[in-house]
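K.L.:
Supplied in C-alpha cells, the structure appears directly below.
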Amino acid sequence: MKAFFSFQTLVLVGCSLFVLYLAGIPLLMLLYGSFRSAPIGEPGAAYTIQNYVKAYFDREFYFLFWNSLKYAVGTCAISFLIGTYLAWINERTNTPLKKLFMVMSLIPFIIPGILSTIAWILLLSPKIGLINLAVKGLLGLESAPFNIYSMGGMVWAEGIHLYPLVFLLMSAAFRNMDTSLEEAALTAGSSTFTTFRKVTLPLMRPAMFGVLLIMFVRGIEAFEVPALVGVPAKISVFTTKIFLAIHQFPSDFGLAGAYAVTLLVISTVGVLIYQRITRGEERYATVTGKGYRPRVIDLGLWKYVTCASAFLIFFLAVVLPVFILLWSSFIPYYGVPSAELMAKLTLANYKYILNYPLALTAFKNSFYLSVGSATLVMLLTSVIAWITVKSKLPGRIFLDNLAFIPIAMPGIVLGVSLIWVYLTLPIPIYGTIWVLLLAYITKFMPYGIRTASASMIQINKELEEASLTSGGTWFQTFRKVLLPLLMPGFVAGWIYISIISLRELSTSILLYSYNSTVLSIMAFDLWEGGQYTYVCALGVLMVLLLVAMAYTARRLGARLGIQA
Amino acid sequence: MVQIESLEKYFGEDKERVHVLKGISLNIPEGSLYTFLGPSGCGKTTTLRCVAGLERPERGKIAIDGNPVFASGERVYVPTNKRPIGMVFQSYAIWPHMTVFQNVAYPLTIHRRPKSEIKKRVEDVLRIVGLHGLEDRPAPKLSGGQQQRVAFARALVNEPKVLLLDEPLSNLDAKLRVQMRFEIKALQRRINITTIFVTHDQSEALAISDQIAVMHAGKLIEVGTPHQLYSRPTRKFTATFLGLTNLIEGKVIEMGGDSKPGRIETKKGILSFIPATSLGRNQAAVISIRPEHIPVHKEKPQGLDNVVEGTVKEAIFMGDAYHCQIAVGDMLLAVHTHPFLNMSPGEKVYLYLDPQSCNGLPAEPRIRKEWMKP
C-alpha cells in the first residue's frame with residue numbers, strides 16, 4: 001500500500017497541502033503577530049515579547065484563566081452528561097417514545113447561539129425573565145430566584161445549548177458498536193449495569209474522549225454567551241478578553257495574539273492526550289465484517305422514569321426557549337405573555353424581515369456557505385482521517401495536529417488572521433463570499449476530523465483490504481467501501497457543520513462585506529439596534545431553514561449508509 | 001504459479017524493529033492447494049499478505065504466473081489491486097452496507113463489466129458456493145457460514161490466478177469447520193485454482209493440503225505432502241508440531257543404508273532407526289515415533305529388536321482407541337492401542353518400537369521464543 005499511483009498521490013498530497021494552507025497560514029500570521037509591536041503594514045513595527053509579558057504579568061490573566069476553565073469544564077460536564085444519557089436511552093434502551101428524541105434533540109441544536117442566548121436572557125433575567133417571574137409569583141418570593149448574569153447562569157445557557165452535539169455524536173458511536181461484545185459480558189453473568197460499566201464504557205472510550213475534548217474546547221472558545229451575558233455581568237473569559245482587546249481603540253492585536261497562543265497550547269495538550277489514548281487502533285475496531293445488530297436493553301418499569309426525565313430535559317431545552325422566541329416574533333413590542341399582548345399578535349415582524357433590503361442575499365449566501373463548507377469539510381477530513389488513522393505515512397500525526405489547530409483559534413482571532421492573510425497574499429478574494437468559505441472550512445475542519453477519525457477508527461482494516469484484493473483502486477475503495485461505512489459519522493458531522501456554519505458569527509463579523517452578508521450578521525445588526533422582536537422573527541426563519549436542511553441530510557444519509 | 005524468493009520483512013521502526021520473515025523461498029505449483037502452517041507469529045500470514053501486496057517486504061522477489069509482482073532489486077512493486085488474486089479474510093470482511101449480490105459483484109463492477117455479464121457471473125459463482133437465491137439479502141443478515149461462502153464467491157468471481165485464504169475457518173464453529181474443509185477442498189479441485197491457505201491448525205492443514213510449508217519464527221522449516229511430513233518428517237519442529245509424537249534422545253552409532261536401518265545409542269539401550277539424510281555418525285539425534293505406531297504386547301515378543309519394557313500409568317478409553325501413558329524407566333511414552341486390548345494402570349507391557357516408524361532427526365537446540373512478539 002506504500003506504492004502510490006498518480007490519482008491517490010494527487011488526492012492525498014492535495015488534501016494535505018490544502019490543510020497545511022488552511023491551518024498553517026493563519027497560525028503563522030497569529031504567531032508572527034503575537035511577537036510584533038504593531039500590526040503588519042504599520043510603520044515602526046518591530047519584534048518584541050512585550051505582548052506576552054503584558055499578558056502573563058497581569059493579575060487579571062489568572063482570573064481570566066480560572067473563569068475560562070470554570071466556564072469550559074462546567075459547560076462540558078452539563079452537555080456531556082445530558083447528551084450521553086439521552087443518546088444511550090435513544091439507541092440502546094426500550095424507553096417509550098424514543099423516536100421523538102432525535103427530532104426533539106435537533107431543535108435546540110439548530111437554534112443559533114445568539115438566539116438561544118437571547119432566549120435564556122428572556123427566561124432568566126432577574127428583571128424580565130419569564131421563569132423568574134413565574135416562580136416568584138408561584139412561591140411568593142421577594143426577589144428573582146435565578147440570575148442569568150452569573151457564572152452558573154452562563155454555564156447553564158451554554159451547556160443546555162451544546163448538549164445536542166454530544167447527543168448526535170454519542171448516538172452514532174452507540175449505533176456503531178458491536179453489541180455481541182456486550183452480549184458476551186451478559187452471558188458471562190454480569191448485570192446490565194456492570195456490562196455498561198465494564199464493557200460498553202471502555203469500548204466507547206475513544207468516541208467519548210473525543211466528544212469530551214470537543215465540548216471542552218467549544219466551551220473555552222464560546223463567544224455568544226460570554227459576549228451577551230458575560231460582558232454586562234462583568235465576567236470575562238479569554239474570548240471576550242480577546243474580543244475587547246481588538247474592539248477597544250486602538251486595537252491591541254499583539255495582546256489578543258498572546259492570549260490566543262495560550263489557548264492554542266491548552267488545546268494542543270488535549271490533542272496529544274487524545275492521541276495517546278486512541279493509539280491502539282485494532283483494540284477498538286468495533287465494526288468488523290461480521291454482521292452486527294443493535295441490541296436493546298429492557299429497562300422494565302424504569303423505562304417510564306427515563307422517558308419522563310427525557311421529556312423534562314426537552315421541556316427545559318426546547319419548549320421554553322422556542323416558546324419565548326416564537327412569542328417574541330409575533331408581538332409588536334417586547335413584553336411577557338399577557339392577555340393584552342395576545343390580542344395584538346401580528347405578522348409585522350416577519351414582513352419587516354422579508355422586506356429587509358439584504359434579506360434575500362443573506363439567505364442565499366448563508367445557504368451556499370453552509371452546504372458548501374459542510375460538504376467540503378467532511379470530504380476533506382474523511383481523506384485526512386484515512387491518512388491519520390489507516391495509513392502509515394510519515395508525518396500523519398503532524399497532519400492530524402495541523403487539521404486540529406483551528407479549534408484553538410477563537411472565531412474573532414481567525415477573522416483577524418485571515419484579514420492579514422488576504423491583504424498580504426496576492427489572492428484577490430478579500431471581501432467576497434470565498435474568503436468566508438475558506439474561513440468556515442478552516443474553522444470547522446477540526447470538528448470534521450474528530451467525527452471522521454472516530455468513525456474511521458471503528459472500521460476494521462480487512463473491509464478495506466478486501467476491496468484492494470478485489471481489484472479496487474484506492475479511490476474506488478474510498479468511495480465505495482469507506483465512505484458508505486463512514487456515512488453515519490459523515491452525516492452527523494455534516495449536519496453539525498452545516499448548522500454551525502449557518503449561525504457562525506464571530507469570524508464572519510470581521511470578514512463580510514455588503515455583498516457577502518450572512519444571516520447571523522443580519523441578526524447581530526438587528527440585536528445591536530435593540531430590535532428584539534425582529535431578531536426573533538429572523539431567528540424563526542433561520543431555524544426553519546436549518547430544520548429543512550437537517551431533515552434532508554438525515555434522509556439522504558439513511559439511504560446511503562448502514563441503517564442499523 | 002507463485003514463486004517466492006528470499007523474502008525478508010521487518011515490522012516496526014528503530015529499536016522496536018522485529019525481523020518477521022527471514023529469507024522465505026517457496027515455489028507453489030499450479031493448481032495445488034498449498035498451506036502455510038505454523039504457530040502464531042511464525043510469519044505465515046505476513047508471507048500471504050506479501051503475496052497479496054498488502055505488506056511490502058524489505059527484500060526478495062515474488063512472481064505470480066511468471067510475472068514479477070515484487071522484486072526489491074529491480075524496484076518492481078505491483079499494487080494489490082493490479083495482482084491477479086482473490087482473497088478470503090479471517091473476518092470475511094463482508095461489507096455490511098451491501099447485499100450479497102453487491103458484495104460478490106464488487107470485483108466486476110470495479111472493472112466496469114457489462115451488467116448482463118455481472119449478473120450471470122455472480123449467479124454462477126453463487127451457485128458454486130451454494131448461496132443461489134440469497135442475492136438480495138443484506139450482508140448483516142447472514143450466518144457465519146453464509147458470510148464465509150460470500151467471501152469465497154467474491155474472491156472467485158473475477159477468476160483470479162491465485163486464491164489466498166487467511167485462516168478462513170477459524171471463525172466457524174467446530175462442526176461447520178470440519179464440513180467446510182471438505183467443501184473448500186472440493187471447490188478447489190473442481191475449479192482447479194492455485195490456492196494458498198494459511199492456518200495454525202495442523203489437523204486442518206493435514207486434511208486439506210496438497211502440500212504444506214511448515215514455518216517457524218520467520219523461517220521455512222520444511223515442505224512436503226501431508227503424508228510425507230507426518231510420517232517422515234526431517235525436522236524435529238515438524239514432528240512435534242504436526243500431531244502427537246514421542247521423542248527419544250540419543251547419539252548415532254551407525255547410519256545404515258539401503259534397506260538396512262541405522263543404529264542409535266539411547267538411555268533405553270541401542271535401537272534401530274531410520275535416520276534423516278542430514279544426520280551423520282556420532283551426531284546427537286532424536287527418535288520421533290508416533291503413539292499409534294507403537295504396538296503393545298502383554299508378553300515379551302520373541303525375535304524382535306527395539307523392544308522396551310514399561311508399566312501402564314494411565315489408560316483413557318477414547319472409543320476408537322485407548323490413549324495410554326506408559327512409563328519406560330524415567331520416561332513417559334504416549335501410546336495409542338486398539339480398543340479391544342484391555343489396558344489397566346499398573347500393568348506391565350512390552351512396546352515394540354518398529355525401526356521403520358523410528359524417525360531419526362537432528363537434535364536441534366530449542367528455538368528461543370523471542371519471535372513471539374507480533
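Here's how to read the names in the C-alpha cells: chain A, B, ... by the order shown, residue numbers from 1 in each chain, ligand numbers from 1 in the order shown.
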For chain B, report every residue with an atom at most 9 Å from chain A (counting only C-alpha atoms), formatted as JSON, numbers by chain.
P.N.:
{"B": [52, 53, 54, 55, 56, 77, 78, 79, 80, 81, 82, 83, 84, 85, 86, 87, 88, 89, 90, 91, 92, 93, 94, 95, 96, 97, 98, 106, 107, 108, 110, 111, 139, 140, 141, 142, 143, 144, 147, 154, 155, 158]}
K.L.:
May I have the residues within 10 Å of range 316-332 of chain A as a short mmCIF file (atom, residue, chain, number, x, y, z; two decimals) with C-alpha atoms, in the first residue's frame, using only C-alpha atoms and disregarding those fewer than 3 positions away in the same chain?
P.N.:
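For reference, part07.cif as written:
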data_model
loop_
_atom_site.label_atom_id
_atom_site.label_comp_id
_atom_site.auth_asym_id
_atom_site.auth_seq_id
_atom_site.Cartn_x
_atom_site.Cartn_y
_atom_site.Cartn_z
CA MET A 104 -36.51 16.95 19.75
CA SER A 105 -32.78 17.00 20.28
CA LEU A 106 -32.27 18.57 16.89
CA ILE A 107 -34.49 21.50 17.76
CA PRO A 108 -32.25 23.16 20.37
CA PHE A 109 -29.23 22.11 18.35
CA ILE A 111 -31.15 27.29 17.34
CA LEU A 115 -30.88 33.27 19.57
CA SER A 116 -30.54 30.73 22.35
CA THR A 117 -28.61 33.27 24.40
CA ILE A 118 -31.35 35.83 23.86
CA ALA A 119 -33.99 33.25 24.76
CA TRP A 120 -32.26 32.46 28.04
CA ILE A 121 -31.87 36.14 28.83
CA LEU A 122 -35.61 36.50 28.24
CA LEU A 123 -36.22 33.49 30.52
CA LEU A 130 -40.27 34.64 32.36
CA ILE A 131 -39.15 31.78 34.63
CA ALA A 157 -27.15 28.66 28.98
CA GLY A 159 -24.42 23.67 28.37
CA ILE A 160 -28.10 23.31 27.55
CA HIS A 161 -27.34 24.85 24.17
CA TYR A 163 -25.72 19.07 24.60
CA PRO A 164 -27.41 18.12 21.30
CA PHE A 311 -39.20 14.95 28.45
CA LEU A 312 -38.19 17.17 31.36
CA ILE A 313 -34.89 17.89 29.58
CA GLY A 335 -43.36 42.00 26.87
CA VAL A 336 -44.06 38.83 28.87
CA PRO A 337 -47.11 36.82 27.73
CA LEU A 341 -50.47 41.31 24.18
CA MET A 342 -52.29 38.21 22.98
CA ALA A 343 -54.80 40.46 21.32
CA LYS A 344 -52.05 42.28 19.44
CA LEU A 345 -50.34 39.26 17.83
CA THR A 346 -49.04 40.25 14.40
CA LEU A 347 -47.00 39.11 11.40
CA ALA A 348 -45.43 42.53 11.07
CA ASN A 349 -42.00 41.33 12.25
CA TYR A 350 -41.85 38.71 9.51
CA TYR A 532 -35.66 42.07 19.87
CA THR A 533 -38.86 41.19 18.05
CA TYR A 534 -37.26 41.46 14.58
CA VAL A 535 -34.31 39.30 15.69
CA CYS A 536 -36.74 36.66 16.92
CA ALA A 537 -38.66 36.65 13.62
CA LEU A 538 -35.42 36.31 11.66
CA GLY A 539 -34.35 33.57 14.07
CA VAL A 540 -37.53 31.59 13.49
#
K.L.:
Give me, as a PyMOL selection string, all polymer residues having an atom no more than 12 Å from Met255 in chain B, counting only C-alpha atoms and skipping those fewer than 3 positions away in the same chain.
P.N.:
chain B and resi 251-252+258-265+271-283+285+360-361
K.L.:
Work out how far apart CA of Arg75 in chain B and CA of Cys15 in chain A are and give it in Å to one decimal.
P.N.:
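If I compute the distance from CA of Arg75 in chain B to CA of Cys15 in chain A, I get 27.6 Å.
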K.L.:
Please indicate the distance in Å from CA of Ala374 in chain A to CA of Tyr447 in chain A, rounded to one decimal place.
P.N.:
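Spanning CA of Ala374 in chain A to CA of Tyr447 in chain A is a straight-line distance of 10.4 Å.
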K.L.:
Pro488 in chain A: which residues within 12 Å, counting only C-alpha atoms, same-chain residues fewer than 2 positions away excluded, as a count of residues only?
P.N.:
40
K.L.:
What's around Glu182 in chain A at 10 Å? Count only C-alpha atoms, leave out sequence neighbours fewer than 5 positions away in its own chain, and write the answer as a PyMOL selection string.
P.N.:
chain A and resi 177+187-188+190+192+195-196+198-200+203+295
K.L.:
Selection from above, C-alpha atoms, as a tab-separated table (two decimals), in the first residue's frame, can you write it?
P.N.:
chain	number	residue	atom	x	y	z
A	177	MET	CA	-20.82	-0.61	18.42
A	187	THR	CA	-23.61	-14.28	29.13
A	188	ALA	CA	-20.57	-14.19	31.39
A	190	SER	CA	-22.63	-9.65	34.58
A	192	THR	CA	-26.89	-4.83	32.69
A	195	THR	CA	-21.88	-4.62	31.48
A	196	PHE	CA	-22.42	-0.97	30.75
A	198	LYS	CA	-17.11	-2.73	32.24
A	199	VAL	CA	-17.73	-3.32	28.54
A	200	THR	CA	-19.78	-0.56	26.92
A	203	LEU	CA	-15.38	0.34	24.24
A	295	ARG	CA	-29.28	-4.86	20.95
K.L.:
Run DSSP on the backbone and grab whatever in range 320-545 of chain A lands in alpha helix (DSSP H); send it over as a ChimeraX atom specification.
P.N.:
/A:320-329,339-342,348-355,359-385,396-404,411-424,433-457,461-469,474-477,483-502,508-511,519-528,532-545
K.L.:
Distance CA of Lys303 in chain A-CA of Gly83 in chain A, one decimal place?
P.N.:
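Those two atoms sit 17.5 Å apart.
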K.L.:
Please report, as a PyMOL selection string, each residue of range 156-350 of chain B to which DSSP assigns strand (DSSP E) when run on this structure's backbone.
P.N.:
chain B and resi 162-166+194-199+211-216+219-224+246-254+262-266+269-275+284-289+296-297+307-317+322-328+331-337+348-350
K.L.:
For range 229-245 of chain A, find every residue with an atom within 7 Å (counting only C-alpha atoms), except residues of its own chain fewer than 5 positions away, and show them as a VMD selection string.
P.N.:
chain A and resid 64 67 to 68 149 to 150 154 221 223 251 to 252 256 259 410 412
